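To be precise, the following lines are run-v2.txt, and they hold compact mmCIF, C-alpha atoms and all ligand atoms.
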```
# COMPACT_ATOMS: atom_id res chain seq x y z
CA MET H 528 0.00 0.00 0.00
CA LEU H 529 2.93 2.33 0.54
CA SER H 530 3.69 2.38 -3.15
CA SER H 531 0.04 3.16 -3.87
CA LYS H 532 0.14 6.13 -1.55
CA ILE H 533 3.30 7.46 -3.12
CA LYS H 534 1.73 7.07 -6.52
CA LEU H 535 -1.40 8.89 -5.39
CA LEU H 536 0.66 11.77 -4.05
CA ALA H 537 2.56 11.92 -7.32
CA SER H 538 -0.71 12.09 -9.22
CA VAL H 539 -2.02 14.86 -7.02
CA ALA H 540 1.17 16.84 -7.48
CA GLY H 541 0.93 16.38 -11.22
CA LEU H 542 -2.66 17.54 -11.22
CA LEU H 543 -1.83 20.64 -9.25
CA ALA H 544 0.93 21.49 -11.68
CA HIS H 545 -1.42 21.11 -14.63
CA HIS H 546 -4.54 22.47 -13.04
CA VAL H 547 -4.37 25.48 -15.31
CA GLY H 548 -5.68 23.22 -18.07
CA ALA H 549 -9.06 23.26 -16.32
CA HIS H 550 -9.87 19.72 -17.34
CA GLY H 551 -9.41 16.39 -15.64
CA GLY H 552 -10.45 12.80 -15.23
CA CYS H 553 -10.57 9.78 -12.97
CA VAL H 554 -7.10 9.29 -11.53
CA ASN H 555 -7.58 6.55 -8.92
CA TYR H 556 -10.09 3.93 -7.78
CA THR H 557 -11.04 2.50 -4.44
CA VAL H 558 -12.80 -0.71 -3.41
CA GLY H 559 -13.40 -0.79 0.32
CA ASP H 560 -10.26 0.59 1.94
CA THR H 561 -7.95 -0.33 -0.90
CA TRP H 562 -6.66 2.29 -3.31
CA TYR H 563 -5.77 1.52 -6.90
CA PRO H 564 -3.70 4.18 -8.65
CA GLY H 565 -4.70 4.87 -12.22
CA TYR H 566 -2.84 6.14 -15.23
CA SER H 567 -1.52 9.67 -14.91
CA PRO H 568 -1.47 11.63 -18.17
CA TYR H 569 0.76 14.14 -16.39
CA ASP H 570 3.58 11.72 -15.61
CA ASP H 571 6.18 9.83 -17.61
CA PRO H 572 4.34 7.19 -19.69
CA ILE H 573 7.22 4.72 -19.93
CA PRO H 574 7.08 3.21 -16.43
CA GLN H 575 3.30 3.37 -16.47
CA ASP H 576 2.99 1.54 -19.78
CA SER H 577 4.96 -1.42 -18.44
CA ALA H 578 3.56 -1.37 -14.92
CA PRO H 579 2.20 -4.80 -13.99
CA TRP H 580 -0.05 -3.23 -11.35
CA MET H 581 -1.78 -0.72 -13.66
CA PRO H 582 -5.55 -1.36 -13.85
CA GLN H 583 -6.54 1.76 -15.79
CA ARG H 584 -6.45 2.11 -19.57
CA LYS H 585 -3.97 4.63 -20.88
CA TRP H 586 -5.06 8.21 -21.42
CA ILE H 587 -2.58 10.87 -22.42
CA THR H 588 -4.51 14.12 -22.28
CA ASN H 589 -7.00 15.57 -19.85
CA SER H 590 -8.77 17.43 -22.65
CA PRO H 591 -12.34 16.48 -23.41
CA ILE H 592 -13.67 14.62 -26.41
CA PHE H 593 -16.09 16.77 -28.37
CA GLU H 594 -17.40 14.38 -31.03
CA THR H 595 -20.10 11.83 -30.28
CA ASN H 596 -18.67 9.56 -32.99
CA ASN H 597 -15.03 9.85 -31.88
CA ILE H 598 -13.54 6.35 -31.66
CA SER H 599 -11.84 7.37 -28.41
CA LEU H 600 -15.18 8.05 -26.76
CA SER H 601 -15.19 4.53 -25.30
CA CYS H 602 -11.97 4.62 -23.27
CA ASN H 603 -10.29 7.95 -24.03
CA ALA H 604 -7.15 8.28 -26.14
CA PRO H 605 -5.37 6.05 -26.81
CA GLY H 606 -7.32 3.70 -24.48
CA THR H 607 -4.60 1.06 -24.64
CA PRO H 608 -5.45 -1.94 -22.43
CA ALA H 609 -3.96 -2.10 -18.96
CA ARG H 610 -2.22 -5.15 -17.51
CA ALA H 611 -3.96 -5.53 -14.17
CA TYR H 612 -7.47 -5.86 -12.77
CA ILE H 613 -9.15 -4.36 -9.75
CA PRO H 614 -10.71 -7.22 -7.75
CA VAL H 615 -14.28 -6.51 -6.67
CA ARG H 616 -17.20 -8.63 -5.55
CA ALA H 617 -20.56 -8.26 -7.23
CA GLY H 618 -22.62 -6.02 -4.96
CA GLU H 619 -19.58 -4.05 -3.77
CA ASN H 620 -18.92 -0.43 -4.63
CA ILE H 621 -16.29 0.70 -7.08
CA THR H 622 -15.36 4.30 -6.40
CA ALA H 623 -13.80 6.59 -8.96
CA VAL H 624 -11.50 9.27 -7.56
CA TYR H 625 -11.07 12.71 -9.11
CA MET H 626 -9.04 15.70 -7.98
CA TYR H 627 -10.33 19.25 -8.26
CA TRP H 628 -13.03 18.59 -10.81
CA VAL H 629 -13.82 22.06 -12.19
CA HIS H 630 -16.98 21.69 -14.25
CA THR H 631 -20.40 21.79 -12.65
CA VAL H 632 -23.17 21.02 -15.14
CA GLY H 633 -24.07 17.73 -16.78
CA PRO H 634 -24.60 14.04 -16.05
CA MET H 635 -22.12 11.43 -14.84
CA ILE H 636 -22.60 7.83 -15.88
CA ALA H 637 -20.80 4.65 -14.79
CA TRP H 638 -20.78 1.80 -17.31
CA MET H 639 -19.53 -1.76 -17.46
CA ALA H 640 -18.93 -4.21 -20.29
CA HIS H 641 -17.81 -7.82 -20.29
CA CYS H 642 -14.47 -8.37 -22.03
CA ALA H 643 -14.59 -10.87 -24.89
CA HIS H 644 -12.84 -14.17 -24.10
CA ASP H 645 -12.89 -12.97 -20.50
CA ASP H 646 -9.68 -11.04 -21.19
CA CYS H 647 -9.61 -7.26 -20.99
CA THR H 648 -5.90 -7.04 -21.83
CA THR H 649 -6.64 -7.80 -25.48
CA PHE H 650 -10.13 -6.33 -25.71
CA ASP H 651 -11.15 -3.60 -28.17
CA SER H 652 -13.50 -1.31 -26.23
CA SER H 653 -15.22 -0.07 -29.40
CA THR H 654 -16.75 -3.56 -29.79
CA ALA H 655 -17.99 -3.67 -26.18
CA ASP H 656 -21.63 -4.04 -25.18
CA TRP H 657 -21.89 -1.42 -22.46
CA PHE H 658 -24.51 -1.27 -19.72
CA LYS H 659 -25.10 1.41 -17.13
CA ILE H 660 -24.52 0.55 -13.47
CA GLY H 661 -25.26 4.00 -12.10
CA GLN H 662 -25.74 7.62 -13.02
CA ARG H 663 -25.94 11.03 -11.37
CA GLY H 664 -27.57 14.18 -12.62
CA LEU H 665 -29.35 17.30 -11.44
CA GLU H 666 -29.91 16.97 -7.69
CA GLU H 667 -31.66 20.24 -6.92
CA GLY H 668 -32.67 23.48 -8.62
CA THR H 669 -32.46 24.46 -12.25
CA ILE H 670 -30.43 23.15 -15.14
CA GLU H 671 -28.30 26.28 -15.39
CA MET H 672 -27.86 27.27 -11.74
CA GLY H 673 -28.84 24.19 -9.75
CA MET H 674 -26.80 21.61 -7.89
CA TRP H 675 -25.61 18.76 -10.07
CA PHE H 676 -23.70 15.80 -8.66
CA GLN H 677 -20.90 16.96 -10.95
CA LYS H 678 -20.64 20.01 -8.70
CA SER H 679 -21.52 18.52 -5.32
CA PHE H 680 -19.01 15.66 -5.46
CA SER H 681 -16.02 17.93 -6.13
CA ARG H 682 -13.82 18.77 -3.14
CA TRP H 683 -11.73 21.91 -2.96
CA ASP H 684 -9.80 21.26 0.25
CA GLY H 685 -7.32 18.92 -1.38
CA SER H 686 -9.20 15.78 -0.42
CA PRO H 687 -10.26 13.35 -3.14
CA SER H 688 -13.56 13.78 -4.97
CA LEU H 689 -15.32 10.43 -4.74
CA TRP H 690 -17.94 8.87 -6.99
CA GLY H 691 -19.07 5.44 -5.89
CA GLU H 692 -21.40 3.07 -7.74
CA ARG H 693 -22.32 -0.51 -6.98
CA VAL H 694 -21.29 -3.40 -9.17
CA PRO H 695 -24.65 -5.12 -9.78
CA LYS H 696 -25.07 -7.75 -7.08
CA GLY H 697 -26.28 -10.49 -9.41
CA LEU H 698 -23.63 -9.95 -12.08
CA LYS H 699 -21.92 -13.05 -13.36
CA LYS H 700 -18.26 -13.22 -12.38
CA GLY H 701 -15.63 -12.42 -14.97
CA LYS H 702 -13.41 -9.74 -16.43
CA TYR H 703 -15.11 -6.46 -17.18
CA LEU H 704 -14.34 -2.93 -18.23
CA VAL H 705 -15.66 -0.17 -16.04
CA ARG H 706 -16.08 3.20 -17.67
CA HIS H 707 -16.64 6.44 -15.77
CA GLU H 708 -18.01 9.20 -17.95
CA ILE H 709 -18.51 12.84 -17.07
CA ILE H 710 -20.45 14.87 -19.63
CA SER H 711 -19.96 18.61 -19.15
CA LEU H 712 -22.60 20.85 -20.67
CA HIS H 713 -21.41 24.36 -19.78
CA SER H 714 -20.66 25.26 -23.41
CA ALA H 715 -23.83 25.82 -25.40
CA ASN H 716 -24.42 23.03 -27.92
CA ALA H 717 -20.87 21.79 -27.43
CA PRO H 718 -20.92 18.85 -25.01
CA GLN H 719 -17.61 17.70 -23.53
CA PHE H 720 -17.02 14.03 -22.79
CA TYR H 721 -14.51 12.85 -20.19
CA PRO H 722 -14.30 9.04 -20.12
CA GLU H 723 -11.78 6.76 -18.40
CA CYS H 724 -11.79 2.96 -18.28
CA ALA H 725 -10.33 0.37 -15.94
CA HIS H 726 -10.27 -3.42 -15.75
CA LEU H 727 -12.34 -5.22 -13.13
CA ASP H 728 -12.12 -8.82 -11.97
CA VAL H 729 -15.62 -9.42 -10.67
CA GLN H 730 -16.13 -12.24 -8.19
CA GLY H 731 -19.44 -13.68 -7.08
CA ASP H 732 -21.97 -16.44 -7.34
CA GLY H 733 -24.46 -14.62 -9.56
CA GLU H 734 -25.49 -15.68 -13.04
CA GLY H 735 -26.92 -12.36 -14.14
CA VAL H 736 -26.18 -10.68 -17.44
CA PRO H 737 -28.01 -7.63 -18.79
CA GLY H 738 -30.50 -8.11 -21.61
CA SER H 739 -30.09 -6.46 -24.97
CA GLU H 740 -32.35 -3.56 -23.99
CA PHE H 741 -29.62 -2.42 -21.60
CA LEU H 742 -26.71 -2.67 -24.04
CA VAL H 743 -25.18 0.02 -26.24
CA ARG H 744 -22.04 0.65 -28.26
CA ILE H 745 -19.73 3.56 -27.53
CA PRO H 746 -19.36 5.49 -29.72
CA GLY H 747 -22.96 5.07 -30.80
CA VAL H 748 -25.00 5.82 -27.70
CA TRP H 749 -24.61 9.60 -27.96
CA ARG H 750 -25.75 11.66 -30.94
CA MET H 751 -26.08 15.36 -31.58
CA ASP H 752 -29.81 14.91 -32.29
CA GLN H 753 -30.38 14.10 -28.60
CA PRO H 754 -31.69 17.24 -26.83
CA GLU H 755 -30.02 16.27 -23.53
CA ILE H 756 -26.63 16.08 -25.26
CA ASN H 757 -26.81 18.90 -27.79
CA ILE H 758 -28.14 21.39 -25.26
CA ASN H 759 -27.86 25.11 -24.59
CA ILE H 760 -28.26 25.34 -20.83
CA TYR H 761 -28.60 29.13 -21.05
CA ALA H 762 -31.54 29.11 -23.45
CA PRO H 763 -34.99 30.28 -22.31
CA GLY H 764 -37.15 27.29 -21.43
CA ILE H 765 -34.11 25.20 -20.59
CA SER H 766 -32.08 27.26 -18.12
CA ASN H 767 -34.95 27.46 -15.60
CA SER H 768 -36.10 23.87 -16.01
CA THR H 769 -35.75 21.70 -12.92
CA VAL H 770 -35.85 18.46 -14.89
CA TYR H 771 -32.97 16.86 -16.75
CA ASN H 772 -33.49 13.34 -17.97
CA ILE H 773 -30.19 11.51 -18.34
CA PRO H 774 -30.24 9.95 -21.80
CA GLY H 775 -29.22 6.44 -22.81
CA PRO H 776 -30.47 3.03 -21.76
CA PRO H 777 -31.90 2.21 -18.32
CA ILE H 778 -29.54 1.22 -15.50
CA TRP H 779 -29.02 -2.51 -15.04
CA THR H 780 -29.07 -3.11 -11.31
CA GLY H 781 -28.66 -6.86 -11.51
CU CU L 1 -12.42 21.15 -18.78
```

Show me, as structure tokens, the structure contained in the file I just sent.
Amino acid sequence: MLSSKIKLLASVAGLLAHHVGAHGGCVNYTVGDTWYPGYSPYDDPIPQDSAPWMPQRKWITNSPIFETNNISLSCNAPGTPARAYIPVRAGENITAVYMYWVHTVGPMIAWMAHCAHDDCTTFDSSTADWFKIGQRGLEEGTIEMGMWFQKSFSRWDGSPSLWGERVPKGLKKGKYLVRHEIISLHSANAPQFYPECAHLDVQGDGEGVPGSEFLVRIPGVWRMDQPEININIYAPGISNSTVYNIPGPPIWTG
């Protein structure tokens, strides 16, 4: 665990140094009391690329993705598979850790997908069948000025910003991708997508798998003809609305 803590501190330092970029992403994970450092786009890629402990797919820039059909929408760029897995039991929480998340408006969605041949280290995420395991949206107030989870979860005292979602309790054991996606909607009709993926080794006795009505491809699930995605949050009739329906398929709770 000591090495994990050092790595976390290194990631925090890197984020502070690059905070001027005003973007970000998921930099660590926790399951229970155990921390799993993720890939740091701010640090030297060479030791990270060969790290046997790395559970997060490679991402090299904290800038958002703007195109709903961008091939990197699934697991960021380049999205190269990691070598390790985060062990988690079905029914347990997987928590994504951010540092100083700066944007405030838009939904956050956690996804999973089973890796073909039960091997995420060779799996192309653009062929994945993704299902939602949890999502957070507008908690209170209006679309423009209200409290979104994207705002309420962010910590400004230097402590980690935590986003936990439960791995469906009936999910069949196996190797899965988990994908944490923040969609930031502060620019009118110019949604910003911030996805990161990690590898999960799910344990459990369940036999559950989501039906086809829960499954989507990414890219594919988002389109600019969706009013919740291609939105001007400052427009009359939208800015004062207290309802925002998170688009996409229903959550599979297992
Ligand atoms: Cu940003």

How many Å separate CA of Lys702 in chain H from CA of Met639 in chain H?
->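 Rounded to one decimal, the two atoms are 10.1 Å apart.
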
Selection near Gly606 in chain H, 9 Å with all atoms listed in the file, sequence-local residues under 6 positions removed, as a list in words |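 In the requested format, the answer is Gln583, Arg584, Lys585, Trp586, Ile587, Ser599, Ser652, Glu723 and Cys724 of chain H.
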
For Glu692 in chain H, work out the shell of residues within 6 Å, counting all atoms listed in the file and skipping chain neighbours fewer than 5 positions away, then give it as a PyMOL selection string.
-> chain H and resi 620-621+661

Using all atoms listed in the file, I'd like a table of the residues in chain H that come within 7 Å of ligand CU 1 (chain L); for each, show the closest atom pair and its distance in Å rounded to one decimal, ordered by chain and ascending number, as a Markdown table.
```
| residue | atom | partner | partner_atom | distance |
| --- | --- | --- | --- | --- |
| H:Ala549 | CA | L:CU1 | CU | 4.7 |
| H:His550 | CA | L:CU1 | CU | 3.3 |
| H:Gly551 | CA | L:CU1 | CU | 6.4 |
| H:Ser590 | CA | L:CU1 | CU | 6.5 |
| H:Pro591 | CA | L:CU1 | CU | 6.6 |
| H:Val629 | CA | L:CU1 | CU | 6.8 |
| H:His630 | CA | L:CU1 | CU | 6.5 |
```

Interatomic distance, CA of Gly731 in chain H to CA of Glu619 in chain H (Å, one decimal) | 10.2 Å

So what do you get for CA of Phe676 in chain H versus CA of Trp690 in chain H, distance-wise?
-> 9.2 Å

Please identify all polymer residues within 8 Å of Ile756 in chain H, counting all atoms listed in the file, omitting same-chain residues fewer than 6 positions from it, and present them as an MDAnalysis selection string.
-> chainID H and resid 712 716 718 749:750 774

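Closest approach to Thr769 in chain H among H:Met674, H:Ala643, H:Ala655, H:Ile573 is made by H:Met674 (distances from all atoms listed in the file).
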
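Those residues that approach Asp728 in chain H to within 8 Å, counting only C-alpha atoms, are Tyr612, Ile613, Pro614, Val615, Lys700, Gly701, Lys702 and Tyr703 of chain H; same-chain residues fewer than 3 positions away are not listed.
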
Would you put the residues from that selection into a file with C-alpha atoms, as a PDB file, in the frame of the given file?
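Output below, filename result_38.pdb:
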```pdb
ATOM      1  CA  TYR H 612      -7.470  -5.860 -12.770  1.00  0.00           C
ATOM      2  CA  ILE H 613      -9.150  -4.360  -9.750  1.00  0.00           C
ATOM      3  CA  PRO H 614     -10.710  -7.220  -7.750  1.00  0.00           C
ATOM      4  CA  VAL H 615     -14.280  -6.510  -6.670  1.00  0.00           C
ATOM      5  CA  LYS H 700     -18.260 -13.220 -12.380  1.00  0.00           C
ATOM      6  CA  GLY H 701     -15.630 -12.420 -14.970  1.00  0.00           C
ATOM      7  CA  LYS H 702     -13.410  -9.740 -16.430  1.00  0.00           C
ATOM      8  CA  TYR H 703     -15.110  -6.460 -17.180  1.00  0.00           C
TER       9      TYR H 703
END
```

Rank nothing, just name the residue among H:Tyr556, H:Tyr563, H:Trp683, H:Tyr771 nearest to Val624 in chain H, using all atoms listed in the file.
->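 Answer, going by the shortest atom-to-atom distance: H:Tyr556.
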
Selection as an MDAnalysis selection string: residues within 8 Å of (-15.9, 3.7, -17.5), counting only C-alpha atoms | chainID H and resid 601:602 637:639 704:708 722:725

Restricting to only C-alpha atoms, whichever of H:Thr654, H:Gln575, H:Thr780, H:Asn589 is closest to Val736 in chain H is H:Thr780

Using all atoms listed in the file, find the one residue out of H:Ser768, H:Ser653, H:Thr595, H:Thr622 that sits nearest to Pro564 in chain H.
->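 Checking each candidate against Pro564 in chain H, we get H:Thr622 as the closest.
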